[in-house]
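Pasting input24.txt here (compact mmCIF, C-alpha atoms):
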# COMPACT_ATOMS: atom_id res chain seq x y z
CA MET A 206 -92.25 -59.42 -59.75
CA GLY A 207 -91.51 -63.13 -60.01
CA GLU A 208 -88.18 -64.74 -59.24
CA ARG A 209 -87.56 -65.40 -62.92
CA GLU A 210 -87.64 -61.69 -63.77
CA VAL A 211 -85.20 -58.89 -62.99
CA VAL A 212 -85.65 -55.16 -63.43
CA VAL A 213 -82.25 -53.55 -63.96
CA LYS A 214 -82.18 -50.14 -62.28
CA ALA A 215 -79.95 -47.07 -62.62
CA PRO A 216 -77.17 -47.37 -60.02
CA LEU A 217 -76.65 -43.59 -59.88
CA SER A 218 -78.07 -40.47 -61.46
CA GLY A 219 -76.71 -40.16 -64.97
CA LYS A 220 -77.31 -40.41 -68.70
CA ILE A 221 -77.92 -43.30 -71.07
CA VAL A 222 -75.12 -43.21 -73.64
CA SER A 223 -76.06 -46.21 -75.76
CA LEU A 224 -78.29 -49.25 -75.70
CA LYS A 225 -76.62 -52.54 -76.56
CA CYS A 226 -79.79 -54.65 -76.86
CA LYS A 227 -83.47 -54.32 -77.70
CA VAL A 228 -86.75 -55.92 -76.74
CA GLY A 229 -86.70 -59.60 -77.63
CA ASP A 230 -82.91 -59.99 -77.54
CA ARG A 231 -81.57 -62.99 -75.66
CA VAL A 232 -78.82 -62.03 -73.21
CA LYS A 233 -76.46 -63.97 -70.98
CA SER A 234 -75.40 -63.07 -67.46
CA GLY A 235 -72.57 -60.57 -67.78
CA ASP A 236 -73.56 -59.30 -71.24
CA VAL A 237 -73.50 -55.53 -71.65
CA LEU A 238 -77.06 -54.19 -71.72
CA LEU A 239 -76.28 -50.50 -72.05
CA VAL A 240 -73.61 -47.89 -71.52
CA PHE A 241 -74.40 -45.43 -68.77
CA GLU A 242 -72.59 -42.20 -67.97
CA ALA A 243 -72.39 -40.96 -64.39
CA MET A 244 -70.06 -38.26 -63.09
CA LYS A 245 -68.44 -37.97 -66.53
CA MET A 246 -67.47 -41.65 -66.54
CA GLU A 247 -68.95 -44.20 -68.91
CA ASN A 248 -69.84 -47.55 -67.39
CA ASP A 249 -71.20 -50.75 -68.87
CA ILE A 250 -74.34 -52.08 -67.22
CA PHE A 251 -74.34 -55.88 -67.27
CA SER A 252 -77.17 -58.36 -67.34
CA PRO A 253 -77.46 -60.09 -63.96
CA ILE A 254 -79.12 -63.22 -65.44
CA ASN A 255 -79.51 -65.27 -68.61
CA GLY A 256 -82.78 -64.34 -70.23
CA VAL A 257 -84.72 -62.31 -72.75
CA VAL A 258 -85.10 -58.52 -72.72
CA ARG A 259 -88.84 -57.95 -72.28
CA GLU A 260 -88.94 -54.18 -71.76
CA VAL A 261 -86.58 -51.26 -72.32
CA PHE A 262 -87.65 -48.23 -70.29
CA VAL A 263 -85.08 -45.74 -71.56
CA SER A 264 -83.70 -44.32 -74.79
CA GLU A 265 -80.25 -43.13 -75.73
CA GLY A 266 -79.64 -39.65 -74.33
CA ASP A 267 -82.18 -40.02 -71.51
CA THR A 268 -81.29 -38.64 -68.10
CA VAL A 269 -82.12 -41.00 -65.26
CA SER A 270 -82.14 -40.85 -61.48
CA LYS A 271 -80.78 -43.45 -59.11
CA GLY A 272 -83.20 -46.37 -58.95
CA ASP A 273 -85.03 -45.62 -62.20
CA PRO A 274 -85.88 -48.83 -64.11
CA LEU A 275 -83.77 -49.36 -67.23
CA MET A 276 -84.71 -52.80 -68.55
CA ARG A 277 -86.80 -55.82 -67.58
CA ILE A 278 -85.25 -59.17 -68.26
CA GLU A 279 -87.10 -62.46 -68.01
CA ALA A 280 -85.17 -65.65 -67.39
CA MET B 277 -21.72 -34.88 -91.23
CA LEU B 278 -22.44 -33.32 -87.85
CA PRO B 279 -22.21 -35.67 -84.85
CA PHE B 280 -25.48 -36.88 -83.31
CA PRO B 281 -24.96 -36.96 -79.54
CA ILE B 282 -26.10 -40.20 -77.92
CA GLY B 283 -27.85 -38.31 -75.09
CA ASN B 284 -30.08 -36.52 -77.58
CA MET B 285 -30.96 -39.84 -79.19
CA VAL B 286 -31.91 -41.26 -75.79
CA MET B 287 -34.15 -38.28 -75.03
CA MET B 288 -35.77 -38.41 -78.47
CA GLY B 289 -36.39 -42.12 -77.82
CA ILE B 290 -38.07 -41.22 -74.52
CA GLY B 291 -40.17 -38.65 -76.38
CA LEU B 292 -41.22 -41.33 -78.87
CA ILE B 293 -42.13 -43.68 -76.01
CA PHE B 294 -44.33 -40.95 -74.52
CA ILE B 295 -46.07 -40.49 -77.87
CA TYR B 296 -46.47 -44.27 -78.20
CA LEU B 297 -48.03 -44.49 -74.71
CA ALA B 298 -50.36 -41.61 -75.58
CA VAL B 299 -51.46 -42.91 -78.98
CA ALA B 300 -51.35 -46.70 -78.63
CA LYS B 301 -52.09 -47.11 -74.92
CA LYS B 302 -54.11 -43.91 -74.44
CA TYR B 303 -52.19 -43.11 -71.21
CA GLU B 304 -53.07 -39.49 -70.53
CA PRO B 305 -52.65 -38.49 -74.17
CA MET B 306 -53.32 -34.81 -73.48
CA LEU B 307 -50.19 -34.73 -71.33
CA LEU B 308 -47.88 -37.32 -72.81
CA LEU B 309 -48.32 -36.44 -76.48
CA PRO B 310 -47.26 -32.77 -76.22
CA ILE B 311 -44.54 -33.61 -73.66
CA GLY B 312 -43.18 -36.33 -75.94
CA PHE B 313 -43.16 -34.08 -78.98
CA GLY B 314 -41.56 -31.24 -77.03
CA ALA B 315 -38.81 -33.65 -75.93
CA ILE B 316 -38.12 -34.61 -79.54
CA LEU B 317 -38.16 -30.99 -80.71
CA VAL B 318 -35.67 -29.81 -78.14
CA ASN B 319 -33.26 -32.69 -78.68
CA ILE B 320 -32.82 -32.29 -82.40
CA PRO B 321 -29.06 -31.65 -82.42
CA TYR B 322 -28.15 -27.99 -82.70
CA SER B 323 -31.79 -26.92 -82.51
CA ASP B 324 -32.21 -23.50 -80.93
CA LEU B 325 -35.71 -23.98 -79.55
CA MET B 326 -34.61 -23.50 -75.93
CA GLU B 327 -32.02 -20.84 -76.70
CA PRO B 328 -32.91 -17.21 -75.91
CA GLY B 329 -35.61 -16.17 -78.35
CA GLY B 330 -36.33 -19.78 -79.36
CA PHE B 331 -39.93 -20.97 -79.61
CA LEU B 332 -39.93 -23.19 -76.50
CA ARG B 333 -37.76 -20.75 -74.55
CA VAL B 334 -40.32 -17.99 -75.15
CA LEU B 335 -43.11 -20.26 -73.91
CA TYR B 336 -41.02 -21.26 -70.89
CA GLU B 337 -40.28 -17.68 -69.92
CA ALA B 338 -43.85 -16.54 -70.52
CA GLY B 339 -45.69 -19.42 -68.93
CA ILE B 340 -43.45 -21.17 -66.41
CA GLU B 341 -41.13 -18.49 -65.08
CA THR B 342 -44.13 -16.24 -64.49
CA ASP B 343 -46.33 -19.02 -62.99
CA VAL B 344 -48.99 -18.14 -65.56
CA PHE B 345 -49.45 -21.67 -66.94
CA PRO B 346 -50.03 -23.46 -63.61
CA LEU B 347 -52.36 -20.72 -62.39
CA LEU B 348 -54.42 -20.72 -65.59
CA ILE B 349 -54.68 -24.50 -65.38
CA PHE B 350 -56.00 -24.14 -61.85
CA ILE B 351 -58.72 -21.71 -62.98
CA GLY B 352 -59.81 -24.35 -65.49
CA ILE B 353 -59.72 -27.16 -62.92
CA GLY B 354 -61.79 -25.06 -60.53
CA ALA B 355 -64.33 -24.36 -63.26
CA MET B 356 -64.77 -28.04 -64.08
CA THR B 357 -64.83 -29.48 -60.55
CA ASP B 358 -67.90 -30.00 -58.42
CA PHE B 359 -66.56 -29.50 -54.92
CA GLY B 360 -70.16 -29.54 -53.65
CA ILE B 361 -69.85 -33.29 -53.40
CA LEU B 362 -67.63 -32.71 -50.36
CA LEU B 363 -70.41 -30.83 -48.57
CA GLU B 364 -72.22 -34.13 -48.13
CA LYS B 365 -69.47 -35.78 -46.13
CA PRO B 366 -66.68 -33.30 -45.31
CA TRP B 367 -64.91 -35.91 -43.16
CA LEU B 368 -63.87 -37.57 -46.42
CA LEU B 369 -61.18 -34.85 -46.53
CA LEU B 370 -59.29 -36.94 -43.97
CA PHE B 371 -58.23 -39.33 -46.74
CA PRO B 372 -56.57 -36.67 -48.94
CA THR B 373 -54.91 -35.32 -45.83
CA ALA B 374 -53.40 -38.75 -45.13
CA CYS B 375 -52.18 -38.98 -48.73
CA LYS B 376 -50.07 -35.87 -48.21
CA LEU B 377 -47.83 -37.85 -45.88
CA GLY B 378 -45.91 -38.79 -49.01
CA ILE B 379 -44.77 -35.19 -49.46
CA PHE B 380 -43.31 -34.76 -46.03
CA VAL B 381 -41.72 -38.21 -45.70
CA THR B 382 -40.03 -37.78 -49.09
CA LEU B 383 -38.90 -34.29 -48.16
CA ILE B 384 -37.13 -35.72 -45.09
CA ILE B 385 -35.62 -38.63 -47.07
CA SER B 386 -34.34 -36.18 -49.69
CA LEU B 387 -32.74 -34.03 -46.98
CA LEU B 388 -31.06 -37.10 -45.49
CA ILE B 389 -29.69 -38.11 -48.90
CA GLY B 390 -28.08 -34.71 -49.22
CA PHE B 391 -30.41 -32.60 -51.32
CA SER B 392 -30.68 -28.95 -50.28
CA PRO B 393 -33.84 -27.94 -48.37
CA GLY B 394 -35.26 -26.27 -51.50
CA GLN B 395 -34.55 -29.30 -53.66
CA ALA B 396 -35.97 -31.63 -51.00
CA ALA B 397 -39.20 -29.60 -50.83
CA SER B 398 -39.49 -29.64 -54.64
CA ILE B 399 -38.97 -33.41 -54.80
CA GLY B 400 -41.37 -34.05 -51.93
CA ILE B 401 -44.16 -32.07 -53.59
CA ILE B 402 -44.24 -34.66 -56.41
CA GLY B 403 -46.22 -36.74 -53.91
CA ALA B 404 -49.09 -34.25 -54.16
CA MET B 405 -49.62 -35.69 -57.66
CA ASP B 406 -50.46 -32.23 -58.81
CA GLY B 407 -48.51 -30.92 -61.79
CA PRO B 408 -49.25 -27.20 -61.44
CA THR B 409 -48.38 -27.24 -57.73
CA ALA B 410 -45.13 -29.10 -58.47
CA ILE B 411 -44.19 -26.46 -61.04
CA TYR B 412 -45.10 -23.63 -58.71
CA VAL B 413 -43.09 -24.97 -55.77
CA SER B 414 -40.00 -26.16 -57.63
CA ARG B 415 -39.68 -22.94 -59.64
CA ARG B 416 -39.37 -21.06 -56.38
CA PHE B 417 -37.21 -23.42 -54.36
CA ALA B 418 -35.11 -25.32 -56.89
CA PRO B 419 -35.35 -23.98 -60.46
CA GLU B 420 -32.47 -26.25 -61.45
CA LEU B 421 -34.74 -29.25 -60.75
CA LEU B 422 -37.79 -27.83 -62.49
CA GLY B 423 -37.47 -30.06 -65.57
CA PRO B 424 -37.01 -33.38 -63.76
CA VAL B 425 -39.59 -32.52 -61.08
CA PHE B 426 -42.41 -31.68 -63.41
CA VAL B 427 -41.64 -34.36 -65.97
CA CYS B 428 -41.62 -36.78 -63.05
CA ALA B 429 -44.88 -35.40 -61.61
CA TYR B 430 -46.71 -35.49 -64.94
CA SER B 431 -45.30 -38.90 -65.92
CA TYR B 432 -46.39 -40.49 -62.66
CA MET B 433 -49.76 -38.75 -62.82
CA SER B 434 -50.34 -40.31 -66.21
CA MET B 435 -49.46 -43.69 -64.75
CA VAL B 436 -51.72 -43.46 -61.70
CA PRO B 437 -53.70 -46.61 -62.54
CA ILE B 438 -50.52 -48.64 -63.05
CA LEU B 439 -49.42 -47.96 -59.47
CA GLN B 440 -52.77 -47.52 -57.76
CA VAL B 441 -54.17 -50.94 -58.65
CA PRO B 442 -51.28 -53.04 -57.26
CA ILE B 443 -51.08 -50.91 -54.11
CA ILE B 444 -54.82 -51.40 -53.53
CA LYS B 445 -54.55 -55.14 -54.18
CA ILE B 446 -51.53 -55.56 -51.89
CA LEU B 447 -52.93 -53.56 -48.98
CA THR B 448 -56.60 -54.62 -48.99
CA THR B 449 -58.45 -57.89 -48.68
CA ARG B 450 -61.15 -58.99 -51.12
CA LYS B 451 -63.70 -58.60 -48.32
CA GLU B 452 -62.68 -54.97 -47.87
CA ARG B 453 -62.78 -54.29 -51.62
CA LEU B 454 -66.32 -55.66 -51.80
CA VAL B 455 -67.70 -53.07 -49.35
CA ARG B 456 -70.42 -51.01 -50.99
CA MET B 457 -70.84 -47.36 -50.06
CA ASP B 458 -74.32 -46.02 -50.64
CA PHE B 459 -73.57 -42.41 -51.40
CA GLU B 460 -75.64 -40.31 -53.76
CA PRO B 461 -74.65 -36.63 -53.73
CA ARG B 462 -77.51 -34.29 -53.00
CA SER B 463 -78.18 -30.93 -54.53
CA TYR B 464 -77.22 -28.06 -52.23
CA PRO B 465 -78.69 -24.54 -52.08
CA LYS B 466 -76.97 -22.08 -54.37
CA PRO B 467 -75.80 -19.69 -51.60
CA LEU B 468 -73.92 -22.55 -49.95
CA ARG B 469 -72.31 -23.57 -53.22
CA VAL B 470 -71.26 -19.97 -53.96
CA LEU B 471 -69.89 -19.45 -50.47
CA PHE B 472 -67.89 -22.69 -50.52
CA PRO B 473 -65.05 -21.54 -52.82
CA ILE B 474 -64.87 -18.14 -51.12
CA ILE B 475 -64.65 -19.61 -47.62
CA ILE B 476 -62.17 -22.32 -48.59
CA PHE B 477 -59.98 -19.71 -50.29
CA LEU B 478 -60.06 -17.32 -47.33
CA VAL B 479 -59.44 -19.99 -44.69
CA THR B 480 -56.60 -21.73 -46.53
CA SER B 481 -54.96 -18.44 -47.46
CA PHE B 482 -54.76 -17.45 -43.82
CA VAL B 483 -53.35 -20.84 -42.85
CA ALA B 484 -50.88 -21.04 -45.74
CA PRO B 485 -50.47 -17.63 -47.38
CA GLY B 486 -47.70 -19.00 -49.61
CA GLY B 487 -50.38 -20.85 -51.57
CA THR B 488 -52.73 -17.90 -52.03
CA ALA B 489 -52.22 -17.65 -55.79
CA LEU B 490 -52.73 -21.40 -56.28
CA MET B 491 -55.85 -21.67 -54.14
CA GLY B 492 -57.11 -18.31 -55.37
CA SER B 493 -56.97 -19.49 -58.98
CA LEU B 494 -58.61 -22.81 -58.18
CA MET B 495 -61.44 -21.25 -56.22
CA PHE B 496 -61.88 -18.38 -58.68
CA GLY B 497 -62.53 -20.98 -61.36
CA ASN B 498 -64.94 -22.75 -59.03
CA LEU B 499 -66.77 -19.50 -58.30
CA LEU B 500 -67.26 -19.00 -62.06
CA ARG B 501 -68.92 -22.41 -62.05
CA GLU B 502 -71.05 -22.09 -58.94
CA SER B 503 -72.18 -18.49 -59.40
CA GLY B 504 -74.26 -19.54 -62.38
CA VAL B 505 -74.17 -16.02 -63.83
CA VAL B 506 -71.07 -16.19 -66.02
CA GLU B 507 -71.76 -19.30 -68.03
CA ARG B 508 -69.68 -18.12 -71.00
CA LEU B 509 -66.68 -17.48 -68.76
CA ARG B 510 -67.09 -20.84 -67.04
CA ARG B 511 -67.21 -22.65 -70.37
CA GLY B 512 -64.23 -20.66 -71.60
CA ALA B 513 -62.21 -21.53 -68.49
CA GLU B 514 -63.26 -25.18 -68.59
CA ASN B 515 -62.61 -25.68 -72.28
CA GLU B 516 -60.60 -23.14 -74.29
CA LEU B 517 -58.42 -21.85 -71.47
CA THR B 518 -57.62 -25.30 -70.11
CA ASN B 519 -57.07 -26.84 -73.54
CA ILE B 520 -54.77 -24.11 -74.81
CA THR B 521 -52.79 -23.95 -71.56
CA THR B 522 -52.49 -27.75 -71.39
CA LEU B 523 -51.18 -27.81 -74.94
CA LEU B 524 -48.61 -25.09 -74.32
CA LEU B 525 -47.65 -26.43 -70.90
CA GLY B 526 -47.13 -29.93 -72.28
CA VAL B 527 -44.87 -28.93 -75.12
CA THR B 528 -42.95 -26.58 -72.82
CA ILE B 529 -42.43 -29.37 -70.28
CA GLY B 530 -41.07 -31.49 -73.10
CA GLY B 531 -38.80 -28.57 -73.95
CA THR B 532 -37.09 -28.85 -70.56
CA MET B 533 -36.01 -32.40 -71.36
CA GLN B 534 -32.75 -31.38 -72.99
CA ALA B 535 -30.29 -34.26 -72.86
CA ASP B 536 -27.41 -32.26 -71.42
CA LYS B 537 -29.55 -31.03 -68.52
CA PHE B 538 -31.91 -33.97 -68.06
CA LEU B 539 -29.70 -37.05 -68.26
CA SER B 540 -28.04 -37.03 -64.86
CA ILE B 541 -27.85 -38.98 -61.64
CA THR B 542 -29.87 -36.20 -60.00
CA THR B 543 -32.75 -36.85 -62.39
CA LEU B 544 -32.65 -40.55 -61.52
CA PHE B 545 -32.81 -39.63 -57.82
CA VAL B 546 -35.75 -37.29 -58.48
CA PHE B 547 -37.65 -40.07 -60.27
CA ALA B 548 -36.82 -42.64 -57.57
CA LEU B 549 -37.80 -40.28 -54.74
CA GLY B 550 -40.89 -39.17 -56.64
CA LEU B 551 -41.93 -42.79 -56.89
CA ILE B 552 -41.44 -43.23 -53.15
CA SER B 553 -43.52 -40.10 -52.55
CA PHE B 554 -46.26 -41.42 -54.82
CA VAL B 555 -46.31 -44.88 -53.25
CA ILE B 556 -46.44 -43.44 -49.73
CA ALA B 557 -49.26 -41.09 -50.77
CA LEU B 558 -51.39 -43.91 -52.16
CA SER B 559 -50.53 -46.33 -49.36
CA SER B 560 -51.22 -43.91 -46.53
CA GLY B 561 -54.66 -43.18 -47.99
CA VAL B 562 -55.46 -46.89 -48.21
CA ILE B 563 -54.15 -47.54 -44.69
CA LEU B 564 -56.37 -44.77 -43.29
CA GLY B 565 -59.19 -46.39 -45.28
CA LYS B 566 -58.49 -49.68 -43.53
CA ILE B 567 -58.58 -47.94 -40.16
CA ALA B 568 -61.90 -46.31 -41.14
CA TYR B 569 -63.15 -49.75 -42.23
CA ILE B 570 -62.43 -51.11 -38.76
CA ILE B 571 -63.84 -48.09 -36.89
CA THR B 572 -67.06 -48.03 -38.92
CA LYS B 573 -67.42 -51.82 -38.70
CA GLY B 574 -67.07 -52.35 -42.43
CA LYS B 575 -68.96 -49.36 -43.84
CA ILE B 576 -65.97 -47.70 -45.54
CA ASN B 577 -64.30 -49.30 -48.53
CA PRO B 578 -60.56 -48.73 -47.96
CA MET B 579 -59.98 -48.33 -51.70
CA ILE B 580 -61.43 -44.82 -51.62
CA GLY B 581 -58.46 -43.80 -49.47
CA SER B 582 -56.21 -44.20 -52.50
CA THR B 583 -58.15 -41.51 -54.36
CA GLY B 584 -57.02 -38.72 -52.04
CA ILE B 585 -54.31 -37.68 -54.48
CA SER B 586 -54.78 -34.81 -56.88
CA ALA B 587 -54.86 -36.87 -60.08
CA PHE B 588 -58.51 -36.19 -60.93
CA PRO B 589 -60.56 -38.07 -61.96
CA MET B 590 -58.18 -40.92 -62.81
CA ALA B 591 -57.70 -41.98 -59.21
CA ALA B 592 -61.45 -42.11 -58.50
CA ARG B 593 -62.17 -43.97 -61.73
CA THR B 594 -59.46 -46.51 -61.01
CA ALA B 595 -60.76 -47.30 -57.52
CA HIS B 596 -64.29 -47.56 -58.92
CA MET B 597 -63.18 -49.90 -61.71
CA VAL B 598 -61.28 -52.16 -59.32
CA GLY B 599 -64.43 -52.36 -57.21
CA ARG B 600 -66.63 -53.24 -60.19
CA GLN B 601 -64.20 -55.89 -61.43
CA GLU B 602 -64.92 -57.87 -58.28
CA ASP B 603 -68.58 -56.88 -57.95
CA PRO B 604 -70.27 -55.29 -61.00
CA ASP B 605 -72.97 -53.85 -58.72
CA ASN B 606 -70.51 -51.99 -56.52
CA TRP B 607 -70.73 -48.26 -57.38
CA LEU B 608 -67.96 -46.55 -55.47
CA LEU B 609 -67.77 -43.69 -57.96
CA PRO B 610 -69.52 -40.93 -55.94
CA ALA B 611 -67.54 -41.59 -52.76
CA ALA B 612 -64.30 -41.96 -54.70
CA MET B 613 -64.97 -38.73 -56.62
CA ALA B 614 -65.65 -36.89 -53.37
CA VAL B 615 -62.31 -37.99 -51.94
CA ASN B 616 -60.58 -37.23 -55.24
CA THR B 617 -61.96 -33.68 -55.38
CA GLY B 618 -60.81 -33.29 -51.78
CA GLY B 619 -57.41 -34.46 -53.00
CA GLN B 620 -57.19 -31.42 -55.25
CA ILE B 621 -57.89 -29.04 -52.40
CA ALA B 622 -55.54 -30.88 -50.05
CA SER B 623 -52.73 -30.83 -52.62
CA VAL B 624 -52.98 -27.09 -53.04
CA VAL B 625 -53.10 -26.62 -49.27
CA ALA B 626 -50.04 -28.87 -48.93
CA GLY B 627 -48.27 -26.81 -51.60
CA GLY B 628 -49.20 -23.66 -49.69
CA LEU B 629 -47.90 -25.12 -46.43
CA VAL B 630 -44.61 -26.08 -48.08
CA LEU B 631 -44.28 -22.62 -49.65
CA THR B 632 -45.09 -20.89 -46.38
CA TYR B 633 -43.35 -22.95 -43.72
CA VAL B 634 -40.44 -24.76 -45.38
CA PRO B 635 -38.48 -21.50 -45.82
CA VAL B 636 -39.04 -20.73 -42.15
CA LEU B 637 -38.24 -24.21 -40.84
CA LEU B 638 -35.35 -25.02 -43.15
CA GLY B 639 -33.89 -21.58 -43.49
CA LEU B 640 -34.37 -21.04 -47.22
Structure translated into structure tokens:
Amino acid sequence: MGEREVVVKAPLSGKIVSLKCKVGDRVKSGDVLLVFEAMKMENDIFSPINGVVREVFVSEGDTVSKGDPLMRIEA
Amino acid sequence: MLPFPIGNMVMMGIGLIFIYLAVAKKYEPMLLLPIGFGAILVNIPYSDLMEPGGFLRVLYEAGIETDVFPLLIFIGIGAMTDFGILLEKPWLLLFPTACKLGIFVTLIISLLIGFSPGQAASIGIIGAMDGPTAIYVSRRFAPELLGPVFVCAYSYMSMVPILQVPIIKILTTRKERLVRMDFEPRSYPKPLRVLFPIIIFLVTSFVAPGGTALMGSLMFGNLLRESGVVERLRRGAENELTNITTLLLGVTIGGTMQADKFLSITTLFVFALGLISFVIALSSGVILGKIAYIITKGKINPMIGSTGISAFPMAARTAHMVGRQEDPDNWLLPAAMAVNTGGQIASVVAGGLVLTYVPVLLGL
């Protein structure tokens, strides 16, 4: 993976509640990428960089484990 | 025209504020909305809702005077709580234990002010931040304070974030708040999960037999969950039973807020002392967290200490959110939840200790 690319990973085991962007969307650092539910608490997952969403690895309702890739963002 | 007593207007205003906080601010709406409406109902001048045979009086006698409401709530809480998270790091129970300091310090302060031993114990238990335990203890030791004590306990519980955040910010440094705790709960074998509620119940009941009904209800609910063989009962306890009891308990609590009984200097003292109990509870957890931070050379985030109260899961969520505000990649939630679930057990144990030993020590 190059320096200009970030794969956002699941911070905990949980469920994808909703996706806030799709492949091709331009996002800024701090933008909400998706809403993730862990331990019955919904959390926003933010973009760590300015860039373009190149891949979305999950769908709404998916169950994920800690460390699973969620999105790939290219600066 | 019949006179409209000013005290009733004040209490109806308080009821409206509760409803406003529930609806507009979403502060614990499941508690504040029924409490607020109950307070309005009972303060309509010349209403007979809390007179013998009245609607709220019947609920009070059936659910509060018999302890049925708090015990049913505990079955529901047990059914919805994953105590298995504590199996990973049982030493996290130290934080809830520290939080219980608020109970005993406030009990002593209340005694020094001049409250009777029973009243002091009932006021102190507010610091457990556990509504059902507060009801259970105060009904036994100081039924005359039941209304103020449980309105105070539930009001403060609904305002946990308002107090928890400033206490965390005052007592911790930014460096401490940025500590990440890598803690992913594992899955434990079923026999261990089934044995957990049974063992906890047996051990705590021997240590503090006064709390047997409280802990028994909590762990019975948890056994429904962990056994895996009574899914319908678990769902019923977690949803229908808890929802119906919460609804009835809330409106009945509101029903105890009658102006002529509630508006008194004693109530003001109960709220002031309850606040002290709450602040000591949160602070002592954070201070132990700071000590743990030093001992572990920065591996423990002191904020998780503040989640050792019984207000679940608000306390854990608040600590987690404060952590993420300063570092969006800081996921304190599992550790905070573990301490918070421990807070529920510790609060019931503390209630049991008060019920068992306060009568002996203070001659009740």
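For chain A, the residues having at least one atom no farther than 8 Å from chain B, when counting all atoms listed in the file, are A:Pro216, A:Leu217, A:Met244, A:Met246, A:Phe251.
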Checklist entry - Quick one: residues within 8 Å of Phe280 in chain B, all atoms listed in the file counted, chain neighbours fewer than 3 positions away excluded, as a list in words? => result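 Contacts, with the query itself left out: Asn284, Met285 and Pro321 of chain B.
Here CA of Arg469 in chain B stands at a distance of 14.6 Å from CA of Thr617 in chain B.
By all atoms listed in the file, and with residues fewer than 2 positions from Pro578 in chain B along its chain excluded, the set lying at most 9 Å from it is Ile444, Thr448, Glu452, Arg453, Val455, Gly561, Val562, Ile563, Leu564, Gly565, Lys566, Ile567, Ala568, Tyr569, Ile576, Ile580, Gly581 and Ser582 of chain B.
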Item to check | Polymer residues at most 12 Å from (-66.4, -19.5, -55.7) by all atoms listed in the file, as an MDAnalysis selection string | outcome: chainID B and resid 351 354:355 357:360 466:478 491:506 510
Checklist entry - So, counting only C-alpha atoms, which residue among A:Asp273, A:Glu242, A:Glu260, A:Glu279 is closest to Cys226 in chain A? => result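 Nearest candidate to Cys226 in chain A out of A:Asp273, A:Glu242, A:Glu260, A:Glu279: A:Glu260.
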Item to check | Distance criterion (all atoms listed in the file): nearest to Val222 in chain A out of A:Ile250, A:Pro274, A:Arg259, A:Glu210 | outcome: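 Smallest separation from Val222 in chain A among the options: A:Ile250.
Coordinates place CA of Gly584 in chain B at a distance of 8.4 Å from CA of Ala612 in chain B.
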Which range 503-554 of chain B residues have any atom within 9 Å of an atom of range 379-384 of chain B, and for each, what is the nearest pair of atoms with distance in Å to one decimal, counting only C-alpha atoms, rows sorted by chain and number, as CSV?
residue,atom,partner,partner_atom,distance
B:Leu549,CA,B:Thr382,CA,6.6
B:Gly550,CA,B:Thr382,CA,7.7
B:Ile552,CA,B:Thr382,CA,6.9
B:Ser553,CA,B:Thr382,CA,5.4
B:Phe554,CA,B:Ile379,CA,8.4
Emit the selected residues as a compact mmCIF listing (two decimals), in the frame of the given file, including C-alpha atoms.
# COMPACT_ATOMS: atom_id res chain seq x y z
CA LEU B 549 -37.80 -40.28 -54.74
CA GLY B 550 -40.89 -39.17 -56.64
CA ILE B 552 -41.44 -43.23 -53.15
CA SER B 553 -43.52 -40.10 -52.55
CA PHE B 554 -46.26 -41.42 -54.82
Checklist entry - Quick one: residues within 8 Å of Pro346 in chain B, only C-alpha atoms counted, chain neighbours fewer than 2 positions away excluded, as a VMD selection string? => result chain B and resid 339 to 340 343 to 344 348 to 350 407 to 409 411 to 412
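Put simply, CA of Arg456 in chain B is 21.0 Å away from CA of Ser234 in chain A.
Excluding Pro437 in chain B itself and same-chain residues fewer than 2 positions from it, the residues having an atom within 10 Å of it are Tyr303, Tyr432, Met433, Ser434, Met435, Leu439, Gln440, Val441, Pro442, Ile443, Met590, Ala591, Ala592, Arg593, Thr594, Ala595 and Val598 of chain B, counting all atoms listed in the file.
Nearest to Ile361 in chain B of all the residues B:Ala418, B:Ile541, B:Ile529, B:Val615 is B:Val615, counting all atoms listed in the file.
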Item to check | Test item: residues at most 12 Å from range 237-239 of chain A, all atoms listed in the file, excluding those fewer than 5 positions along its chain, as number ranges by chain | outcome: A: 212-215, 220-228, 230-232, 247-258, 260-266, 275-278; B: 604
Report, as JSON, the axis-aligned box around all atoms of range 229-247 of chain A present in the file, extended by 5 Å on each side; give centre and edge lengths in Å to one decimal place.
{"center_x": -77.1, "center_y": -51.0, "center_z": -70.4, "size_x": 29.2, "size_y": 36.0, "size_z": 24.5}
Would you mind completing range 214-218 of chain A so that it carries N, CA and C atoms, and writing it out as a JSON list (two decimals), in the coordinates of the input?
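Below is the file that was written, rebuild01.json:
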[["chain", "number", "residue", "atom", "x", "y", "z"],
["A", 214, "LYS", "N", -81.92, -51.54, -62.64],
["A", 214, "LYS", "CA", -82.18, -50.14, -62.28],
["A", 214, "LYS", "C", -80.91, -49.29, -62.40],
["A", 215, "ALA", "N", -81.10, -47.99, -62.53],
["A", 215, "ALA", "CA", -79.95, -47.07, -62.62],
["A", 215, "ALA", "C", -79.22, -47.06, -61.27],
["A", 216, "PRO", "N", -77.92, -47.32, -61.28],
["A", 216, "PRO", "CA", -77.17, -47.37, -60.02],
["A", 216, "PRO", "C", -76.91, -45.98, -59.43],
["A", 217, "LEU", "N", -76.90, -44.98, -60.30],
["A", 217, "LEU", "CA", -76.65, -43.59, -59.88],
["A", 217, "LEU", "C", -77.47, -42.68, -60.80],
["A", 218, "SER", "N", -77.51, -41.41, -60.50],
["A", 218, "SER", "CA", -78.07, -40.47, -61.46],
["A", 218, "SER", "C", -77.09, -40.33, -62.62]]
